Amino acid sequence: MSEVNDKLVELRKEVVKGAQTIYSKGLVENGEGNVSVRINKNEILITPSSNRYEDLVSEAIVHLDLDGNPINSKSIPSTETKMHLAVYKSRPKVKCVIHNHSSYVTMLSVLRKNIPVIMEQQIIFLGGEIKCSEITEAHTEAMGPSALNALELNNAAILANHGAIICGKSVEHAVRFAIILEKLAKVYWGALQVGDPLTIPEENIKEHEKMFNRLFACYPRKMRKE
Ligand SMILES: [Zn+2]
């Protein structure tokens, strides 16, 4: 029992650290975005609604089952919890989900633009071309399937007229991917101002895809193409 409690205490701290890192990197403002972590097959922890990142404490992190029912938690979970739960349900390997409204990703989301494969690190860490989802209403049940469709096998997607969703095998991975995604969106946006960005040729992609699959991918094996 105490082992379970120790794990919970540790994971709560990880959520706080992840949330405060994306805040310190400027990927979220107070009151927006959310970070969650998987505890086991049926339970997660998620940042509370109306989160003030600099004041966030472990005790405020909300414990839920995968149907969204609170477990010994008084705080109200993030309004975008349904989308997190949808990702955990259909992707058993995902350990952390981050949602944010970082500026450059959100600019592309308003244009509903995918990010083609323009940087090698994008393939290794995020999986390849970053897709933009179909438009849905924020905070609704529809956001989950729409986010999952855009994610495909990747670790990140753009949410139409909204922001980003990122997932990973650990909080550390997901935080890193959120930072990489915003940088990538910034590079793409900047390149678009000057001309037509060129993509990485197909023959240079294979090896990077292998690295992605070996180190960072967290989609179910059955989803794999080929
Ligand atoms: Zn949002």
# chains A, B, ... in the order shown; residues from 1 in each chain; ligands from 1

$ select_by_dssp --residues "range 49-202 of chain A" --states "strand (DSSP E or B)" --output "list in words"
Val62, His63, Leu64, Asp65, Pro70, Pro77, Cys96, Val97, Ile98, His99, Asn100, Ile115, Ile130, Cys132, Ala156, Ala157, Ile158, Leu159, Gly163, Ala164, Ile165, Ile166, Cys167 and Gly168 of chain A

$ write_last_selection --atoms "N, CA and C atoms" --output "PDB file, in the first residue's frame"
ATOM      1  N   VAL A  62      -5.324  16.502  -9.646  1.00  0.00           N
ATOM      2  CA  VAL A  62      -6.559  15.723  -9.510  1.00  0.00           C
ATOM      3  C   VAL A  62      -6.351  14.274  -9.960  1.00  0.00           C
ATOM      4  N   HIS A  63      -6.844  13.355  -9.127  1.00  0.00           N
ATOM      5  CA  HIS A  63      -6.742  11.913  -9.373  1.00  0.00           C
ATOM      6  C   HIS A  63      -8.067  11.432  -9.956  1.00  0.00           C
ATOM      7  N   LEU A  64      -8.029  10.798 -11.122  1.00  0.00           N
ATOM      8  CA  LEU A  64      -9.265  10.363 -11.790  1.00  0.00           C
ATOM      9  C   LEU A  64      -9.137   8.939 -12.305  1.00  0.00           C
ATOM     10  N   ASP A  65     -10.297   8.276 -12.481  1.00  0.00           N
ATOM     11  CA  ASP A  65     -10.247   7.025 -13.237  1.00  0.00           C
ATOM     12  C   ASP A  65     -10.410   7.373 -14.721  1.00  0.00           C
ATOM     13  N   PRO A  70     -13.652  11.315 -10.147  1.00  0.00           N
ATOM     14  CA  PRO A  70     -12.588  11.671  -9.197  1.00  0.00           C
ATOM     15  C   PRO A  70     -12.341  10.573  -8.165  1.00  0.00           C
ATOM     16  N   PRO A  77     -11.060  18.934 -12.059  1.00  0.00           N
ATOM     17  CA  PRO A  77     -10.023  18.680 -13.078  1.00  0.00           C
ATOM     18  C   PRO A  77     -10.119  19.651 -14.243  1.00  0.00           C
ATOM     19  N   CYS A  96       2.157  10.229 -20.538  1.00  0.00           N
ATOM     20  CA  CYS A  96       1.936  11.649 -20.237  1.00  0.00           C
ATOM     21  C   CYS A  96       1.278  12.339 -21.425  1.00  0.00           C
ATOM     22  N   VAL A  97       0.309  13.205 -21.138  1.00  0.00           N
ATOM     23  CA  VAL A  97      -0.332  14.017 -22.179  1.00  0.00           C
ATOM     24  C   VAL A  97      -0.221  15.479 -21.771  1.00  0.00           C
ATOM     25  N   ILE A  98       0.153  16.305 -22.731  1.00  0.00           N
ATOM     26  CA  ILE A  98       0.223  17.754 -22.487  1.00  0.00           C
ATOM     27  C   ILE A  98      -0.645  18.444 -23.527  1.00  0.00           C
ATOM     28  N   HIS A  99      -1.404  19.425 -23.077  1.00  0.00           N
ATOM     29  CA  HIS A  99      -2.170  20.259 -24.010  1.00  0.00           C
ATOM     30  C   HIS A  99      -1.793  21.704 -23.729  1.00  0.00           C
ATOM     31  N   ASN A 100      -1.485  22.443 -24.778  1.00  0.00           N
ATOM     32  CA  ASN A 100      -1.169  23.863 -24.570  1.00  0.00           C
ATOM     33  C   ASN A 100      -1.670  24.713 -25.739  1.00  0.00           C
ATOM     34  N   ILE A 115       2.297  20.649 -40.420  1.00  0.00           N
ATOM     35  CA  ILE A 115       3.715  20.997 -40.581  1.00  0.00           C
ATOM     36  C   ILE A 115       4.375  19.855 -41.333  1.00  0.00           C
ATOM     37  N   ILE A 130       3.370  16.801 -38.916  1.00  0.00           N
ATOM     38  CA  ILE A 130       2.439  17.090 -37.823  1.00  0.00           C
ATOM     39  C   ILE A 130       1.104  17.526 -38.429  1.00  0.00           C
ATOM     40  N   CYS A 132      -2.949  18.711 -38.549  1.00  0.00           N
ATOM     41  CA  CYS A 132      -3.921  19.559 -37.848  1.00  0.00           C
ATOM     42  C   CYS A 132      -5.270  18.833 -37.835  1.00  0.00           C
ATOM     43  N   ALA A 156       2.611  14.225 -31.449  1.00  0.00           N
ATOM     44  CA  ALA A 156       2.077  15.591 -31.362  1.00  0.00           C
ATOM     45  C   ALA A 156       1.128  15.864 -32.516  1.00  0.00           C
ATOM     46  N   ALA A 157       0.166  16.740 -32.262  1.00  0.00           N
ATOM     47  CA  ALA A 157      -0.748  17.186 -33.319  1.00  0.00           C
ATOM     48  C   ALA A 157      -1.190  18.608 -33.017  1.00  0.00           C
ATOM     49  N   ILE A 158      -1.679  19.267 -34.069  1.00  0.00           N
ATOM     50  CA  ILE A 158      -2.230  20.618 -33.924  1.00  0.00           C
ATOM     51  C   ILE A 158      -3.744  20.473 -33.809  1.00  0.00           C
ATOM     52  N   LEU A 159      -4.350  21.206 -32.890  1.00  0.00           N
ATOM     53  CA  LEU A 159      -5.807  21.169 -32.727  1.00  0.00           C
ATOM     54  C   LEU A 159      -6.392  22.415 -33.382  1.00  0.00           C
ATOM     55  N   GLY A 163      -4.864  24.836 -30.431  1.00  0.00           N
ATOM     56  CA  GLY A 163      -3.520  24.720 -29.857  1.00  0.00           C
ATOM     57  C   GLY A 163      -2.869  23.405 -30.204  1.00  0.00           C
ATOM     58  N   ALA A 164      -2.271  22.764 -29.190  1.00  0.00           N
ATOM     59  CA  ALA A 164      -1.486  21.553 -29.452  1.00  0.00           C
ATOM     60  C   ALA A 164      -1.849  20.447 -28.489  1.00  0.00           C
ATOM     61  N   ILE A 165      -1.625  19.211 -28.938  1.00  0.00           N
ATOM     62  CA  ILE A 165      -1.653  18.062 -28.028  1.00  0.00           C
ATOM     63  C   ILE A 165      -0.362  17.288 -28.247  1.00  0.00           C
ATOM     64  N   ILE A 166       0.218  16.874 -27.128  1.00  0.00           N
ATOM     65  CA  ILE A 166       1.513  16.185 -27.168  1.00  0.00           C
ATOM     66  C   ILE A 166       1.418  14.988 -26.234  1.00  0.00           C
ATOM     67  N   CYS A 167       2.018  13.865 -26.628  1.00  0.00           N
ATOM     68  CA  CYS A 167       2.060  12.731 -25.706  1.00  0.00           C
ATOM     69  C   CYS A 167       3.439  12.083 -25.730  1.00  0.00           C
ATOM     70  N   GLY A 168       3.714  11.293 -24.687  1.00  0.00           N
ATOM     71  CA  GLY A 168       5.018  10.640 -24.618  1.00  0.00           C
ATOM     72  C   GLY A 168       5.026   9.513 -23.615  1.00  0.00           C
TER      73      GLY A 168
END

$ closest_atom_pairs --of "chain A" --to "ligand 1" --cutoff "10 Å" --atoms "only C-alpha atoms and all ligand atoms" --output "tab-separated table"
residue	atom	partner	partner_atom_place_in_ligand_line	distance
A:Val28	CA	ligand 1	1 (Zn)	9.7
A:Gly31	CA	ligand 1	1 (Zn)	9.7
A:Glu32	CA	ligand 1	1 (Zn)	6.3
A:Gly33	CA	ligand 1	1 (Zn)	5.4
A:Asn34	CA	ligand 1	1 (Zn)	7.9
A:Ser78	CA	ligand 1	1 (Zn)	9.5
A:Thr79	CA	ligand 1	1 (Zn)	8.3
A:Glu80	CA	ligand 1	1 (Zn)	6.6
A:Met83	CA	ligand 1	1 (Zn)	9.9
A:His99	CA	ligand 1	1 (Zn)	6.5
A:Asn100	CA	ligand 1	1 (Zn)	6.0
A:His101	CA	ligand 1	1 (Zn)	6.2
A:Ser102	CA	ligand 1	1 (Zn)	9.9
A:Ala138	CA	ligand 1	1 (Zn)	6.8
A:His139	CA	ligand 1	1 (Zn)	7.7
A:Leu159	CA	ligand 1	1 (Zn)	8.7
A:Asn161	CA	ligand 1	1 (Zn)	9.7
A:His162	CA	ligand 1	1 (Zn)	6.1
A:Gly163	CA	ligand 1	1 (Zn)	6.3
A:Ala164	CA	ligand 1	1 (Zn)	7.9
A:Ile165	CA	ligand 1	1 (Zn)	9.0

$ write_last_selection --atoms "C-alpha atoms" --output "mmCIF file, in the first residue's frame"
data_model
loop_
_atom_site.group_PDB
_atom_site.id
_atom_site.type_symbol
_atom_site.label_atom_id
_atom_site.label_comp_id
_atom_site.auth_asym_id
_atom_site.auth_seq_id
_atom_site.Cartn_x
_atom_site.Cartn_y
_atom_site.Cartn_z
ATOM 1 C CA VAL A 28 1.145 28.261 -21.518
ATOM 2 C CA GLY A 31 -5.476 29.287 -16.592
ATOM 3 C CA GLU A 32 -4.774 27.473 -19.852
ATOM 4 C CA GLY A 33 -3.265 24.178 -20.914
ATOM 5 C CA ASN A 34 -2.920 21.026 -18.848
ATOM 6 C CA SER A 78 -9.029 20.570 -16.177
ATOM 7 C CA THR A 79 -11.887 21.266 -18.590
ATOM 8 C CA GLU A 80 -9.979 19.431 -21.312
ATOM 9 C CA MET A 83 -9.341 14.696 -24.521
ATOM 10 C CA HIS A 99 -2.170 20.259 -24.010
ATOM 11 C CA ASN A 100 -1.169 23.863 -24.570
ATOM 12 C CA HIS A 101 -1.935 26.965 -26.617
ATOM 13 C CA SER A 102 1.655 27.897 -27.450
ATOM 14 C CA ALA A 138 -13.402 23.002 -27.101
ATOM 15 C CA HIS A 139 -14.122 21.033 -23.901
ATOM 16 C CA LEU A 159 -5.807 21.169 -32.727
ATOM 17 C CA ASN A 161 -8.244 26.907 -34.008
ATOM 18 C CA HIS A 162 -7.081 25.895 -30.567
ATOM 19 C CA GLY A 163 -3.520 24.720 -29.857
ATOM 20 C CA ALA A 164 -1.486 21.553 -29.452
ATOM 21 C CA ILE A 165 -1.653 18.062 -28.028
#

$ residues_around --residues "Pro197 in chain A" --least-positions-apart "6" --cutoff "12 Å" --atoms "only C-alpha atoms" --output "list in words"
Ile115, Pro116, Val117, Ile118, Met119, Val187, Tyr188, Trp189, Gly190 and Ala191 of chain A

$ select_by_dssp --residues "range 12-90 of chain A" --states "alpha helix (DSSP H)" --output "PyMOL selection string"
chain A and resi 12-24+81-90

$ write_last_selection --atoms "N, CA and C atoms" --output "short mmCIF file (atom, residue, chain, number, x, y, z; two decimals), in the first residue's frame"
data_model
loop_
_atom_site.label_atom_id
_atom_site.label_comp_id
_atom_site.auth_asym_id
_atom_site.auth_seq_id
_atom_site.Cartn_x
_atom_site.Cartn_y
_atom_site.Cartn_z
N ARG A 12 2.66 12.90 -8.66
CA ARG A 12 2.11 14.24 -8.45
C ARG A 12 3.20 15.29 -8.63
N LYS A 13 4.37 14.99 -8.06
CA LYS A 13 5.50 15.92 -8.18
C LYS A 13 5.94 16.07 -9.64
N GLU A 14 5.90 14.95 -10.37
CA GLU A 14 6.29 14.99 -11.78
C GLU A 14 5.34 15.87 -12.59
N VAL A 15 4.03 15.77 -12.28
CA VAL A 15 3.05 16.61 -13.00
C VAL A 15 3.32 18.08 -12.71
N VAL A 16 3.57 18.39 -11.44
CA VAL A 16 3.84 19.79 -11.06
C VAL A 16 5.09 20.29 -11.80
N LYS A 17 6.13 19.47 -11.79
CA LYS A 17 7.38 19.87 -12.43
C LYS A 17 7.17 20.07 -13.94
N GLY A 18 6.46 19.13 -14.57
CA GLY A 18 6.19 19.24 -16.01
C GLY A 18 5.38 20.50 -16.32
N ALA A 19 4.35 20.74 -15.51
CA ALA A 19 3.48 21.91 -15.72
C ALA A 19 4.29 23.20 -15.55
N GLN A 20 5.13 23.24 -14.52
CA GLN A 20 5.89 24.46 -14.28
C GLN A 20 6.97 24.66 -15.35
N THR A 21 7.46 23.57 -15.92
CA THR A 21 8.45 23.72 -16.99
C THR A 21 7.80 24.31 -18.25
N ILE A 22 6.64 23.79 -18.64
CA ILE A 22 6.02 24.36 -19.86
C ILE A 22 5.60 25.81 -19.62
N TYR A 23 5.28 26.15 -18.37
CA TYR A 23 4.95 27.54 -18.03
C TYR A 23 6.21 28.41 -18.14
N SER A 24 7.30 27.92 -17.58
CA SER A 24 8.54 28.72 -17.60
C SER A 24 9.08 28.87 -19.02
N THR A 81 -10.06 17.56 -19.77
CA THR A 81 -9.77 16.21 -19.31
C THR A 81 -10.23 15.13 -20.28
N LYS A 82 -11.39 15.34 -20.91
CA LYS A 82 -11.97 14.31 -21.80
C LYS A 82 -10.99 13.95 -22.92
N MET A 83 -10.29 14.95 -23.43
CA MET A 83 -9.34 14.70 -24.52
C MET A 83 -8.16 13.86 -24.01
N HIS A 84 -7.67 14.19 -22.80
CA HIS A 84 -6.58 13.41 -22.21
C HIS A 84 -7.02 11.95 -22.05
N LEU A 85 -8.22 11.76 -21.50
CA LEU A 85 -8.72 10.41 -21.24
C LEU A 85 -8.83 9.61 -22.53
N ALA A 86 -9.28 10.27 -23.60
CA ALA A 86 -9.42 9.57 -24.89
C ALA A 86 -8.06 9.07 -25.36
N VAL A 87 -7.02 9.86 -25.16
CA VAL A 87 -5.68 9.44 -25.59
C VAL A 87 -5.21 8.26 -24.75
N TYR A 88 -5.38 8.33 -23.42
CA TYR A 88 -4.95 7.22 -22.56
C TYR A 88 -5.70 5.93 -22.88
N LYS A 89 -6.99 6.07 -23.20
CA LYS A 89 -7.80 4.88 -23.48
C LYS A 89 -7.34 4.18 -24.76
N SER A 90 -7.04 4.95 -25.79
CA SER A 90 -6.72 4.26 -27.05
C SER A 90 -5.22 4.06 -27.25
#

$ residues_around --residues "range 209-225 of chain A" --least-positions-apart "6" --cutoff "12 Å" --atoms "only C-alpha atoms" --output "JSON, numbers by chain"
{"A": [87, 88, 89, 90, 91, 92, 93, 94, 95, 96, 97, 117, 120, 121, 122, 123, 124, 125, 126, 127, 128, 129, 148, 149, 151, 152, 153, 154, 155, 156, 166, 167, 168, 169, 170, 172, 173, 174, 176, 177, 202, 203]}

$ closest_residue --among "A:Leu8, A:Leu192, A:Val105, A:Ala147" --to "Ser58 in chain A" --atoms "only C-alpha atoms"
A:Leu8

$ atom_distance --atom1 "CA of Lys186 in chain A" --atom2 "CA of Leu56 in chain A"
28.2 Å

$ residues_around --residues "Glu134 in chain A" --least-positions-apart "6" --cutoff "8 Å" --atoms "only C-alpha atoms" --output "ChimeraX atom specification"
/A:146,150,159-160

$ write_last_selection --atoms "N, CA and C atoms" --output "compact mmCIF listing (two decimals), in the first residue's frame"
# COMPACT_ATOMS: atom_id res chain seq x y z
N SER A 146 -11.10 13.58 -32.44
CA SER A 146 -10.49 14.49 -33.41
C SER A 146 -8.98 14.62 -33.17
N ALA A 150 -5.79 13.18 -35.64
CA ALA A 150 -4.67 14.04 -36.08
C ALA A 150 -3.34 13.47 -35.58
N LEU A 159 -4.35 21.21 -32.89
CA LEU A 159 -5.81 21.17 -32.73
C LEU A 159 -6.39 22.41 -33.38
N ALA A 160 -7.23 22.21 -34.39
CA ALA A 160 -7.74 23.31 -35.21
C ALA A 160 -8.28 24.47 -34.38

$ atom_distance --atom1 "CA of Gly195 in chain A" --atom2 "CA of Ser133 in chain A"
24.8 Å
